[in-house]
Amino acid sequence: MTTATPKYRELGLTDSEYELIVEKLGREPNDVELAMFSLLWSEHCAYKHSRKLLGKLPTEGERVVMGPGENAGAVDVGNGYAVAFKVESHNHPSAVEPFQGAATGVGGILRDVFAIGARPIAILDSLRFGELDSVRSRHLLDGAVRGIGHYGNSIGVATVGGEVYFEEPYEHNCLVNAMCIGVAKTEDMVRAAAAGVGNAVVLMGATTGRDGIGGASVLASAELGEGDEAKRPTVQVGDPFEESKVLECCLELLEKGLLVSLQDLGAAGLTSSAGEMASAGGVGIDIDVARVPLREADMEPFEIMVSESQERMLAVVEPAQVDAVRAICEKWQTGSAEIGVVTDSGQVRILRGEEVVGEMPVEALVDGCPLYDLEPAEPAGWIYGNRATLATGIDAEDELLALLAAPSIASKRWVFEQYDSIVGSRTVRRPESADAAVLALPESDNAIAVSIDGNGRRVACDPYAGTVEAVLECAQNLACVGAEPLGLTNCLNFGNPEKPTTAWQLDQAVTALADACIALGVPVVGGNVSLYNEGPDGPIYPTPVVAMVGELPDPHEVGGSAFAGDGDTIALLGPFSPTLAGSELAKQRGELEMGLPQPDVGAVVTACAIVREAVRAGNVSSAHDISDGGLACALAESAIGGGRGCRVDLQPLRERGCSPEEALFGEGSGGFLLSGNRAALESLGAIPIGEVGGTKIEIAAGDRSLIVGLADAESAWRSLAARAESVT
Amino acid sequence: MIWGVLQFPGSCDERDALYACSLASGEARMIWHEERDLGGVDGVVVPGGFSYGDYLRAGALARFSPAMEAVAELAAAGGPVLGICNGFQVLCEAGLLPGALLRNENLRFVCRQLDLLEVDGPISGDMGPESAHRPLSIPAKHGEGRYYAPEEMLDRLERDGQVAYRYAPGQNPNGSLRDIAGVSNEAGNVLGLMPHPEHAVDPLTGSTDGLRVFQRLEGLAR
């Protein structure tokens with residue numbers, strides 16, 4: 001005899017959560033209500049394991065126009081304009097079906113941005129896969145890149161940057177985080193709160209089908225494991241053409257002032273958008289599922305309420321404007337249906353015609369989920385594997401070439417050439433030409449720079465220091481193009497928070513994020529949390545992906561990372577004391593272990609300001625942040641980018657106590673590699689280490705000195721394409 | 001001269017084209033695809049993007065729009081028409097240009113700055129010797145840009161000076177036959193180009209060589 005699992009458990013609710021729902025309703029929920037509760041009380045929607053921690057983050061700032069809680073955050077960029085941005089994960093859908101998973105990740109983040117009335121102008125992506133020698137990783141990489149390109153290219157929003165790392169712990173559970181940036185007239189921006197009792201609720205865009213049912217609870221809020229193929233029907237299917245029409249339609253509606261509020265339908269579909277709009281507005285809402293345009297005629301009310309069909313938006317409209325709204329939807333050849341009404345009942349009521357099929361207090365549904373305290377415990381040691389792929393004691397030349405060819409360091413041209421990076425005529429710095437993407441803003445007569453970063457391996461070594469480093473790297477990247485940070489968003493990708501080690505990683509990372517943002521004076525304007533990222537072999541590396549947006553007063557004074565002139569002096573700036581801990585070289589040698597040096601945040605902030613001002617004043621020829629693979633790789637990247645060699649001596653780092661190996665390949669925050677006029681560099685406090693020129697990369701570093709031809713370095717660095725397309 | 005830029009559902013580069021046209025000639029306006037009347041513009045740009053989501057086949061649906069009927073009349077009357085990327089596909093589907101554009105040889109979308117060679121022909125006659133021989137640095141970005149036509153048609157196009165632009169040697173990004181990047185109609189007033197001249201009009205975001213493509217056609221306006 002077997003005992004059937006209660007339905008609520010299959011939907012991801014615990015026994016005590018179910019009891020609480022019964023208590024709040026005063027009765028057992030019916031199927032419609034249970035389905036809706038299970039979604040809004042899922043980790044994905046309720047943030048029940050992270051919300052308490054996130055309260056630590058600084059969210060206020062002079063330039064903040066919209067902060068956390070809205071569809072996207074936004075900062076003021078002057079002249080009455082704001083820049084909106086958000087990053088969100090679509091990890092589990094991408095692990096199950098990479099093309100559609102990644103495509104709809106882009107579609108979803110675009111909707112978040114135009115939901116507040118901003119025109120999307122750029123996309124960035126942060127991707128993590130298993131090692132590139134795995135067939136599965138290459139399949140996921142290829143599918144995700146095609147999916148991002150398919151959606152972003154088709155809808156005409158430039159994909160201007162991003163990052164890709166390949167590490168064993170992402171083998172089963174890849175990460176696909178998509179970021180969108182939009183620009184809006186501040187006075188035209190709209191919040192997602194329903195208002196005005198008696199106002200109509202209008203569903204716009206695509207029809208509703210059975211795709212993506214249970215995505216937020218079944219897929220996003222549980223660990224991946226065997227039999228995930230069976231979850232493919234929970235992955236949505238994207239249609240960028242539909243979204244392009246919905247986007248233009250919504251922006252026209254907002255510009256004409258025809259909407260009271262607007263919300264996208266993402267995870268948990270109508271359930272979350274209707275519930276959250278009602279909650280934010282302190283009102284009730286009635287939805288008649290019989291009025292929802294369907295793809296399949298026989299859908300049940302619960303299926304209609306939880307469907308995650310893409311390219312749909314929900315608007316609140318004054319009754320007198322409904323016809324005008326529907327006419328503009330018709331112009332853009334997209335659907336519209338009046339499916340409900342704003343009420344003063346404080347209830348979300350679901351009707352099928354005259355019949356009430358569900359009725360729940362908004363407060364219980366949206367804000368009633370219990371929040372949990374984490375039970376963190378620091379692990380005794382390194383919990384991830386170590387795999388040596390590089391022998392110790394080989395020539396430094398071979399080490400440099402191995403690092404340049406490492407998929408996480410190698411040029412990502414194969415990836416970014418599959419994306420339209422220029423549509424919109426704003427892209428001042430295309431991928432690989434600078435440390436941050438730079439976009440012109442003719443609206444406010446200035447420019448913004450964007451960087452996205454998060455080295456999971458280093459966070460695994462030390463969640464606190466690694467997360468601080470991620471924030472500092474973004475700040476350094478912005479400084480290298482001459483931008484000053486305005487705001488930050490993030491996506492926290494972690495394993496199962498109910499496990500003490502993951503809880504500890506999450507707690508440390510959020511604390512670090514808060515501390516670093518406070519030190520930099522950068523507000524956190526939004527964020528996203530993706531937990532339960534685990535495969536059969538354990539959790540992913542803890543991966544807080546940090547995205548920072550900065551401002552440049554003049555789009556014509558922008559830094560680049562490539563060496564620009566033979567004879568230019570090469571100099572180091574910043575509190576850079578690299579070690580091999582957590583480095584790419586330590587990974588390749590199979591020597592990863594816990595612990596990183598703690599970055600000197602104050603000193604890095606000071607160095608960022610010096611570099612930023614120097615770039616703006618045109619006092620440097622190139623500026624590049626020293627990151628993965630250390631100074632030797634940074635030198636090679638600037639040399640390859642400029643098509644010029646270099647000759648340097650790392651004695652100044654030796655004097656800081658670095659071994660030759662640490663000076664060459666050690667990693668850590670705070671290092672800037674600059675080139676330009678010697679006197680100008682010295683006046684910044686930079687320390688000259690050599691000169692641009694020739695056809696070789698020559699680095700003197702004691703007994704590890706090396707000379708590598710520029711062509712050899714470039715062919716190693718450009719080796720990603722052949723390996724990514726390998727079919728064996 | 002006044003340029004009109006068509007806008008279909010799914011167009012992507014129409015605002016960029018509008019900006020480029022206004023830089024090139026001073027005045028440009030957007031034309032919604034349902035308009036049967038072009039409102040007196042002197043020339044038309046059919047812009048890049050994914051009109052109608054590339055459904056059925058790139059350009060196959062947009063060619064039936066009312067505005068395209070008017071474009072065909074303008075073309076027949078000798079007015080300049082420039083189809084860029086998806087616009088090139090639309091003009092081929094509409095029968096205003098010869099040949100077809102197929103999926104890129106490696107089946108991947110590609111976005112890359114590259115060099116184009118202007119081919120001497122009837123429509124570049126007044127460009128002067130200097131500009132006719134310097135390559136243009138212009139970005140390409142497309143998934144279906146491999147120019148195809150039967151061999152005998154290619155021979156005829158070359159003979160009649162209808163091959164207007166080629167990718168510089170070694171820079172063909174998509175497997176186009178004979179490195180063809182752009183072709184014109186027999187009269188020379190309708191030009192299709194796979195790379196994007198409207199994304200090469202401002203030194204801030206790239207080169208300014210794209211302006212030469214617009215100027216080449218402006219000479220033909222009545």
# chains A, B, ... in the order shown; residues from 1 in each chain; ligands from 1
$ interface_residues --of "chain A" --to "chain B" --cutoff "7 Å" --atoms "only C-alpha atoms" --output "VMD selection string"
chain A and resid 154 to 156 241 244 to 245 417 to 420 423 to 428 556
$ residues_around --residues "Ala60 of chain B" --least-positions-apart "3" --cutoff "12 Å" --atoms "only C-alpha atoms" --output "ChimeraX atom specification"
/B:50-57,63-65,68,86-95,100-101
$ residues_around --residues "segment 199-203 of chain A" --least-positions-apart "2" --cutoff "6 Å" --atoms "only C-alpha atoms" --output "NGL selection string"
:A and (196-197 or 313-319 or 336-342)
$ write_last_selection --atoms "all heavy atoms" --output "CSV table (one decimal), in the first residue's frame"
chain,number,residue,atom,x,y,z
A,196,GLY,N,-7.6,52.9,-8.2
A,196,GLY,CA,-8.8,53.3,-8.7
A,196,GLY,C,-9.9,52.2,-8.8
A,196,GLY,O,-10.0,51.5,-9.8
A,197,VAL,N,-10.6,52.1,-7.7
A,197,VAL,CA,-11.7,51.1,-7.7
A,197,VAL,C,-12.6,51.3,-8.9
A,197,VAL,O,-13.0,52.5,-9.1
A,197,VAL,CB,-12.5,51.2,-6.3
A,197,VAL,CG1,-13.7,50.3,-6.4
A,197,VAL,CG2,-11.5,50.8,-5.2
A,313,MET,N,1.2,41.5,-20.9
A,313,MET,CA,1.3,42.6,-20.0
A,313,MET,C,-0.1,42.8,-19.4
A,313,MET,O,-1.1,42.6,-20.1
A,313,MET,CB,1.8,43.9,-20.7
A,313,MET,CG,3.1,43.8,-21.4
A,313,MET,SD,4.6,43.6,-20.3
A,313,MET,CE,4.7,45.3,-19.6
A,314,LEU,N,-0.1,43.3,-18.1
A,314,LEU,CA,-1.4,43.5,-17.5
A,314,LEU,C,-1.4,45.0,-17.2
A,314,LEU,O,-0.5,45.6,-16.5
A,314,LEU,CB,-1.5,42.7,-16.2
A,314,LEU,CG,-2.9,42.6,-15.6
A,314,LEU,CD1,-3.8,41.8,-16.5
A,314,LEU,CD2,-2.8,41.9,-14.2
A,315,ALA,N,-2.5,45.7,-17.6
A,315,ALA,CA,-2.6,47.1,-17.3
A,315,ALA,C,-3.9,47.4,-16.6
A,315,ALA,O,-4.9,46.8,-16.7
A,315,ALA,CB,-2.6,47.9,-18.7
A,316,VAL,N,-3.8,48.5,-15.8
A,316,VAL,CA,-5.0,49.1,-15.2
A,316,VAL,C,-5.4,50.3,-15.9
A,316,VAL,O,-4.5,51.2,-16.2
A,316,VAL,CB,-4.8,49.4,-13.7
A,316,VAL,CG1,-6.0,50.1,-13.1
A,316,VAL,CG2,-4.6,48.1,-12.9
A,317,VAL,N,-6.6,50.4,-16.4
A,317,VAL,CA,-7.1,51.4,-17.3
A,317,VAL,C,-8.4,52.0,-16.8
A,317,VAL,O,-9.3,51.3,-16.4
A,317,VAL,CB,-7.3,50.8,-18.7
A,317,VAL,CG1,-7.7,51.9,-19.7
A,317,VAL,CG2,-6.0,50.1,-19.2
A,318,GLU,N,-8.5,53.4,-16.9
A,318,GLU,CA,-9.8,54.0,-16.5
A,318,GLU,C,-10.8,53.5,-17.6
A,318,GLU,O,-10.5,53.5,-18.7
A,318,GLU,CB,-9.6,55.5,-16.5
A,318,GLU,CG,-8.8,56.0,-15.4
A,318,GLU,CD,-8.6,57.5,-15.4
A,318,GLU,OE1,-9.2,58.2,-16.3
A,318,GLU,OE2,-7.8,58.0,-14.6
A,319,PRO,N,-12.1,53.3,-17.1
A,319,PRO,CA,-13.1,52.7,-18.0
A,319,PRO,C,-13.2,53.6,-19.3
A,319,PRO,O,-13.4,53.0,-20.4
A,319,PRO,CB,-14.4,52.8,-17.2
A,319,PRO,CG,-13.9,52.7,-15.8
A,319,PRO,CD,-12.6,53.4,-15.7
A,336,SER,N,-5.7,42.4,-26.9
A,336,SER,CA,-6.1,43.1,-25.7
A,336,SER,C,-7.5,42.5,-25.3
A,336,SER,O,-8.3,42.3,-26.1
A,336,SER,CB,-6.2,44.6,-25.9
A,336,SER,OG,-7.2,44.9,-26.8
A,337,ALA,N,-7.7,42.4,-24.0
A,337,ALA,CA,-8.9,41.9,-23.5
A,337,ALA,C,-9.1,42.5,-22.1
A,337,ALA,O,-8.2,42.5,-21.3
A,337,ALA,CB,-9.0,40.4,-23.4
A,338,GLU,N,-10.4,43.0,-21.8
A,338,GLU,CA,-10.7,43.5,-20.5
A,338,GLU,C,-11.1,42.2,-19.7
A,338,GLU,O,-12.1,41.6,-19.9
A,338,GLU,CB,-11.9,44.4,-20.6
A,338,GLU,CG,-12.1,45.3,-19.4
A,338,GLU,CD,-13.3,46.3,-19.6
A,338,GLU,OE1,-13.5,46.6,-20.8
A,338,GLU,OE2,-13.9,46.6,-18.6
A,339,ILE,N,-10.2,41.9,-18.7
A,339,ILE,CA,-10.4,40.6,-18.0
A,339,ILE,C,-10.8,40.8,-16.6
A,339,ILE,O,-11.1,39.8,-15.9
A,339,ILE,CB,-9.2,39.7,-18.1
A,339,ILE,CG1,-8.0,40.3,-17.4
A,339,ILE,CG2,-8.8,39.4,-19.6
A,339,ILE,CD1,-6.9,39.3,-17.0
A,340,GLY,N,-10.9,42.0,-16.1
A,340,GLY,CA,-11.2,42.2,-14.7
A,340,GLY,C,-11.4,43.6,-14.3
A,340,GLY,O,-11.4,44.5,-15.1
A,341,VAL,N,-11.5,43.8,-13.0
A,341,VAL,CA,-11.8,45.1,-12.4
A,341,VAL,C,-11.1,45.3,-11.1
A,341,VAL,O,-10.9,44.3,-10.4
A,341,VAL,CB,-13.3,45.3,-12.3
A,341,VAL,CG1,-13.9,44.3,-11.4
A,341,VAL,CG2,-13.7,46.7,-12.0
A,342,VAL,N,-10.7,46.5,-10.8
A,342,VAL,CA,-10.1,46.8,-9.5
A,342,VAL,C,-11.2,47.0,-8.5
A,342,VAL,O,-12.2,47.7,-8.8
A,342,VAL,CB,-9.2,48.1,-9.6
A,342,VAL,CG1,-8.7,48.5,-8.2
A,342,VAL,CG2,-8.1,47.9,-10.6
$ select_by_dssp --residues "segment 22-116 of chain B" --states "strand (DSSP E)" --output "PDB file with N, CA and C atoms, in the first residue's frame"
ATOM      1  N   GLU B  27      16.531  66.070 -44.055  1.00  0.00           N
ATOM      2  CA  GLU B  27      15.134  65.836 -43.697  1.00  0.00           C
ATOM      3  C   GLU B  27      14.736  64.388 -43.957  1.00  0.00           C
ATOM      4  N   ALA B  28      14.019  63.824 -42.984  1.00  0.00           N
ATOM      5  CA  ALA B  28      13.575  62.434 -43.115  1.00  0.00           C
ATOM      6  C   ALA B  28      12.354  62.237 -42.252  1.00  0.00           C
ATOM      7  N   ARG B  29      11.475  61.355 -42.681  1.00  0.00           N
ATOM      8  CA  ARG B  29      10.295  61.067 -41.859  1.00  0.00           C
ATOM      9  C   ARG B  29       9.952  59.581 -41.898  1.00  0.00           C
ATOM     10  N   MET B  30       9.287  59.135 -40.814  1.00  0.00           N
ATOM     11  CA  MET B  30       8.912  57.730 -40.709  1.00  0.00           C
ATOM     12  C   MET B  30       7.598  57.511 -41.442  1.00  0.00           C
ATOM     13  N   ILE B  31       7.478  56.374 -42.114  1.00  0.00           N
ATOM     14  CA  ILE B  31       6.244  56.038 -42.841  1.00  0.00           C
ATOM     15  C   ILE B  31       5.732  54.683 -42.341  1.00  0.00           C
ATOM     16  N   TRP B  32       4.575  54.686 -41.734  1.00  0.00           N
ATOM     17  CA  TRP B  32       3.956  53.459 -41.222  1.00  0.00           C
ATOM     18  C   TRP B  32       3.583  52.557 -42.390  1.00  0.00           C
ATOM     19  N   GLY B  43      12.763  59.861 -51.671  1.00  0.00           N
ATOM     20  CA  GLY B  43      13.372  58.534 -51.689  1.00  0.00           C
ATOM     21  C   GLY B  43      12.953  57.775 -50.444  1.00  0.00           C
ATOM     22  N   VAL B  44      13.139  56.456 -50.509  1.00  0.00           N
ATOM     23  CA  VAL B  44      12.675  55.621 -49.393  1.00  0.00           C
ATOM     24  C   VAL B  44      13.784  54.682 -48.930  1.00  0.00           C
ATOM     25  N   VAL B  45      13.890  54.533 -47.602  1.00  0.00           N
ATOM     26  CA  VAL B  45      14.729  53.482 -47.033  1.00  0.00           C
ATOM     27  C   VAL B  45      13.818  52.396 -46.480  1.00  0.00           C
ATOM     28  N   VAL B  46      14.043  51.172 -46.916  1.00  0.00           N
ATOM     29  CA  VAL B  46      13.374  50.024 -46.295  1.00  0.00           C
ATOM     30  C   VAL B  46      14.387  49.491 -45.283  1.00  0.00           C
ATOM     31  N   VAL B  81      15.594  54.164 -53.924  1.00  0.00           N
ATOM     32  CA  VAL B  81      15.098  53.263 -52.876  1.00  0.00           C
ATOM     33  C   VAL B  81      16.292  52.471 -52.349  1.00  0.00           C
ATOM     34  N   LEU B  82      16.474  52.502 -51.041  1.00  0.00           N
ATOM     35  CA  LEU B  82      17.587  51.775 -50.417  1.00  0.00           C
ATOM     36  C   LEU B  82      17.037  50.749 -49.446  1.00  0.00           C
ATOM     37  N   GLY B  83      17.321  49.487 -49.700  1.00  0.00           N
ATOM     38  CA  GLY B  83      16.918  48.433 -48.768  1.00  0.00           C
ATOM     39  C   GLY B  83      18.141  47.966 -47.996  1.00  0.00           C
ATOM     40  N   ILE B  84      18.057  48.034 -46.672  1.00  0.00           N
ATOM     41  CA  ILE B  84      19.197  47.653 -45.838  1.00  0.00           C
ATOM     42  C   ILE B  84      18.853  46.373 -45.098  1.00  0.00           C
ATOM     43  N   ALA B 100      18.391  36.433 -54.162  1.00  0.00           N
ATOM     44  CA  ALA B 100      17.789  36.101 -52.877  1.00  0.00           C
ATOM     45  C   ALA B 100      18.871  36.061 -51.813  1.00  0.00           C
ATOM     46  N   LEU B 101      18.444  36.133 -50.546  1.00  0.00           N
ATOM     47  CA  LEU B 101      19.390  36.080 -49.435  1.00  0.00           C
ATOM     48  C   LEU B 101      19.090  34.850 -48.592  1.00  0.00           C
ATOM     49  N   LEU B 102      20.110  34.013 -48.424  1.00  0.00           N
ATOM     50  CA  LEU B 102      19.942  32.732 -47.733  1.00  0.00           C
ATOM     51  C   LEU B 102      20.607  32.782 -46.354  1.00  0.00           C
ATOM     52  N   VAL B 110      25.821  36.968 -37.415  1.00  0.00           N
ATOM     53  CA  VAL B 110      27.142  37.581 -37.238  1.00  0.00           C
ATOM     54  C   VAL B 110      27.001  39.098 -37.213  1.00  0.00           C
ATOM     55  N   CYS B 111      27.693  39.712 -36.254  1.00  0.00           N
ATOM     56  CA  CYS B 111      27.730  41.176 -36.142  1.00  0.00           C
ATOM     57  C   CYS B 111      29.188  41.585 -36.120  1.00  0.00           C
ATOM     58  N   ARG B 112      29.632  42.323 -37.133  1.00  0.00           N
ATOM     59  CA  ARG B 112      31.061  42.587 -37.287  1.00  0.00           C
ATOM     60  C   ARG B 112      31.271  43.833 -38.159  1.00  0.00           C
ATOM     61  N   GLN B 113      32.236  44.642 -37.791  1.00  0.00           N
ATOM     62  CA  GLN B 113      32.650  45.761 -38.652  1.00  0.00           C
ATOM     63  C   GLN B 113      33.473  45.189 -39.795  1.00  0.00           C
ATOM     64  N   LEU B 114      33.214  45.576 -41.033  1.00  0.00           N
ATOM     65  CA  LEU B 114      34.034  45.045 -42.125  1.00  0.00           C
ATOM     66  C   LEU B 114      34.174  46.074 -43.240  1.00  0.00           C
ATOM     67  N   ASP B 115      35.036  45.727 -44.177  1.00  0.00           N
ATOM     68  CA  ASP B 115      35.315  46.646 -45.281  1.00  0.00           C
ATOM     69  C   ASP B 115      34.504  46.257 -46.514  1.00  0.00           C
ATOM     70  N   LEU B 116      33.924  47.270 -47.144  1.00  0.00           N
ATOM     71  CA  LEU B 116      33.152  47.069 -48.368  1.00  0.00           C
ATOM     72  C   LEU B 116      33.847  47.785 -49.516  1.00  0.00           C
TER      73      LEU B 116
END
$ residues_around --residues "segment 17-21 of chain A" --least-positions-apart "5" --cutoff "8 Å" --atoms "only C-alpha atoms" --output "CSV table (one decimal) with all heavy atoms, in the first residue's frame"
chain,number,residue,atom,x,y,z
A,8,TYR,N,-0.3,19.5,-2.2
A,8,TYR,CA,0.4,20.7,-1.9
A,8,TYR,C,1.9,20.5,-1.8
A,8,TYR,O,2.7,21.4,-2.1
A,8,TYR,CB,-0.1,21.4,-0.6
A,8,TYR,CG,0.1,20.6,0.7
A,8,TYR,CD1,1.3,20.6,1.4
A,8,TYR,CD2,-0.9,19.8,1.2
A,8,TYR,CE1,1.5,19.9,2.5
A,8,TYR,CE2,-0.8,19.1,2.4
A,8,TYR,CZ,0.5,19.1,3.0
A,8,TYR,OH,0.6,18.4,4.2
A,28,GLU,N,-10.0,24.8,3.7
A,28,GLU,CA,-9.1,24.2,2.8
A,28,GLU,C,-9.1,25.0,1.5
A,28,GLU,O,-10.2,25.4,1.0
A,28,GLU,CB,-9.4,22.8,2.5
A,28,GLU,CG,-9.5,21.9,3.7
A,28,GLU,CD,-8.3,21.1,4.0
A,28,GLU,OE1,-7.5,20.8,3.0
A,28,GLU,OE2,-8.0,20.7,5.1
A,29,PRO,N,-8.0,25.3,0.9
A,29,PRO,CA,-8.0,26.0,-0.4
A,29,PRO,C,-8.5,25.0,-1.5
A,29,PRO,O,-8.3,23.8,-1.4
A,29,PRO,CB,-6.6,26.3,-0.7
A,29,PRO,CG,-5.8,25.4,0.1
A,29,PRO,CD,-6.6,25.0,1.3
A,37,PHE,N,-1.5,29.9,-4.4
A,37,PHE,CA,-0.6,30.0,-3.2
A,37,PHE,C,0.7,29.4,-3.4
A,37,PHE,O,1.8,29.9,-3.0
A,37,PHE,CB,-1.3,29.4,-2.0
A,37,PHE,CG,-2.2,30.4,-1.2
A,37,PHE,CD1,-3.6,30.3,-1.3
A,37,PHE,CD2,-1.6,31.3,-0.4
A,37,PHE,CE1,-4.4,31.2,-0.6
A,37,PHE,CE2,-2.4,32.2,0.3
A,37,PHE,CZ,-3.8,32.2,0.2
A,364,ALA,N,-2.8,37.8,2.4
A,364,ALA,CA,-2.4,36.4,2.7
A,364,ALA,C,-1.7,35.8,1.5
A,364,ALA,O,-0.6,35.2,1.6
A,364,ALA,CB,-3.6,35.5,3.0
A,369,CYS,N,3.4,34.7,3.1
A,369,CYS,CA,4.3,33.6,3.2
A,369,CYS,C,5.3,33.8,4.3
A,369,CYS,O,5.8,34.9,4.5
A,369,CYS,CB,5.1,33.5,1.9
A,369,CYS,SG,6.2,32.1,1.9
A,370,PRO,N,5.5,32.8,5.1
A,370,PRO,CA,6.4,32.9,6.2
A,370,PRO,C,7.8,33.2,5.7
A,370,PRO,O,8.2,32.6,4.7
A,370,PRO,CB,6.3,31.6,7.0
A,370,PRO,CG,5.7,30.6,6.0
A,370,PRO,CD,4.9,31.5,5.1
$ residues_around --residues "Ala72 of chain B" --least-positions-apart "5" --cutoff "9 Å" --atoms "only C-alpha atoms" --output "PyMOL selection string"
chain B and resi 67+77+94+96
$ closest_residue --among "A:Gln598, A:Asn455, A:Thr502, A:Thr59" --to "Leu127 of chain A" --atoms "only C-alpha atoms"
A:Asn455
$ residues_around --residues "segment 633-636 of chain A" --least-positions-apart "5" --cutoff "8 Å" --atoms "only C-alpha atoms" --output "list of chain:residue names"
A:Leu400, A:Leu403, A:Leu404, A:His624, A:Asp625, A:Ile626, A:Ser627, A:Asp628, A:Cys646, A:Phe665, A:Leu673, A:Ile697, A:Leu710, A:Ala713
$ write_last_selection --atoms "N, CA, C and O atoms" --output "short mmCIF file (atom, residue, chain, number, x, y, z; two decimals), in the first residue's frame"
data_model
loop_
_atom_site.label_atom_id
_atom_site.label_comp_id
_atom_site.auth_asym_id
_atom_site.auth_seq_id
_atom_site.Cartn_x
_atom_site.Cartn_y
_atom_site.Cartn_z
N LEU A 400 51.46 31.22 -19.37
CA LEU A 400 50.71 32.37 -19.92
C LEU A 400 49.78 31.92 -21.05
O LEU A 400 48.61 32.29 -21.10
N LEU A 403 46.81 30.06 -19.72
CA LEU A 403 45.82 30.95 -19.10
C LEU A 403 45.04 31.72 -20.15
O LEU A 403 43.83 31.87 -20.06
N LEU A 404 45.75 32.23 -21.17
CA LEU A 404 45.05 32.99 -22.22
C LEU A 404 44.05 32.11 -22.96
O LEU A 404 43.02 32.59 -23.43
N HIS A 624 43.01 49.48 -18.11
CA HIS A 624 42.48 48.12 -18.07
C HIS A 624 42.58 47.62 -16.64
O HIS A 624 43.61 47.77 -15.99
N ASP A 625 41.50 47.04 -16.17
CA ASP A 625 41.44 46.46 -14.84
C ASP A 625 42.20 45.13 -14.84
O ASP A 625 42.09 44.36 -15.79
N ILE A 626 43.00 44.88 -13.80
CA ILE A 626 43.74 43.61 -13.73
C ILE A 626 42.84 42.58 -13.03
O ILE A 626 42.47 42.76 -11.88
N SER A 627 42.50 41.54 -13.76
CA SER A 627 41.51 40.61 -13.23
C SER A 627 41.95 39.17 -13.44
O SER A 627 43.06 38.80 -13.04
N ASP A 628 41.12 38.37 -14.10
CA ASP A 628 41.40 36.94 -14.24
C ASP A 628 42.72 36.70 -14.97
O ASP A 628 42.96 37.23 -16.04
N CYS A 646 54.84 44.66 -25.86
CA CYS A 646 55.22 45.45 -24.69
C CYS A 646 56.44 44.81 -24.03
O CYS A 646 56.71 43.62 -24.21
N PHE A 665 50.81 36.12 -12.38
CA PHE A 665 49.50 35.49 -12.56
C PHE A 665 48.59 35.61 -11.34
O PHE A 665 47.48 35.09 -11.36
N LEU A 673 45.99 48.70 -15.01
CA LEU A 673 47.08 48.72 -15.97
C LEU A 673 46.83 49.89 -16.91
O LEU A 673 45.85 49.88 -17.65
N ILE A 697 55.46 40.05 -26.22
CA ILE A 697 55.13 40.39 -24.84
C ILE A 697 56.32 39.91 -24.00
O ILE A 697 56.55 38.71 -23.88
N LEU A 710 53.45 38.09 -29.94
CA LEU A 710 52.08 38.60 -29.91
C LEU A 710 51.13 37.66 -30.68
O LEU A 710 50.01 37.40 -30.24
N ALA A 713 50.32 34.63 -28.60
CA ALA A 713 49.39 35.00 -27.52
C ALA A 713 47.99 35.15 -28.09
O ALA A 713 47.01 34.66 -27.53
#
$ closest_residue --among "B:Gln162, B:Gln215, B:Thr208, B:Ser184" --to "Ser25 of chain B" --atoms "only C-alpha atoms"
B:Gln215
$ atom_distance --atom1 "atom CA of Ala278 of chain A" --atom2 "atom CA of Ile304 of chain A"
18.3 Å
$ residues_around --residues "segment 176-178 of chain B" --least-positions-apart "4" --cutoff "8 Å" --atoms "only C-alpha atoms" --output "ChimeraX atom specification"
/B:145-149,166,172
$ atom_distance --atom1 "atom CA of Val289 of chain A" --atom2 "atom CA of Gly269 of chain A"
12.7 Å
$ select_by_dssp --residues "segment 496-599 of chain A" --states "alpha helix (DSSP H)" --output "count of residues only"
26
$ closest_residue --among "A:Ala724, A:Leu506, A:Val348, A:Ala586" --to "Ser134 of chain A" --atoms "only C-alpha atoms"
A:Ala724
$ atom_distance --atom1 "atom CA of Ala405 of chain A" --atom2 "atom CA of Ile123 of chain A"
26.3 Å
$ closest_residue --among "B:Val41, B:Leu136, B:Val190, B:Val183" --to "Leu157 of chain B" --atoms "only C-alpha atoms"
B:Val183
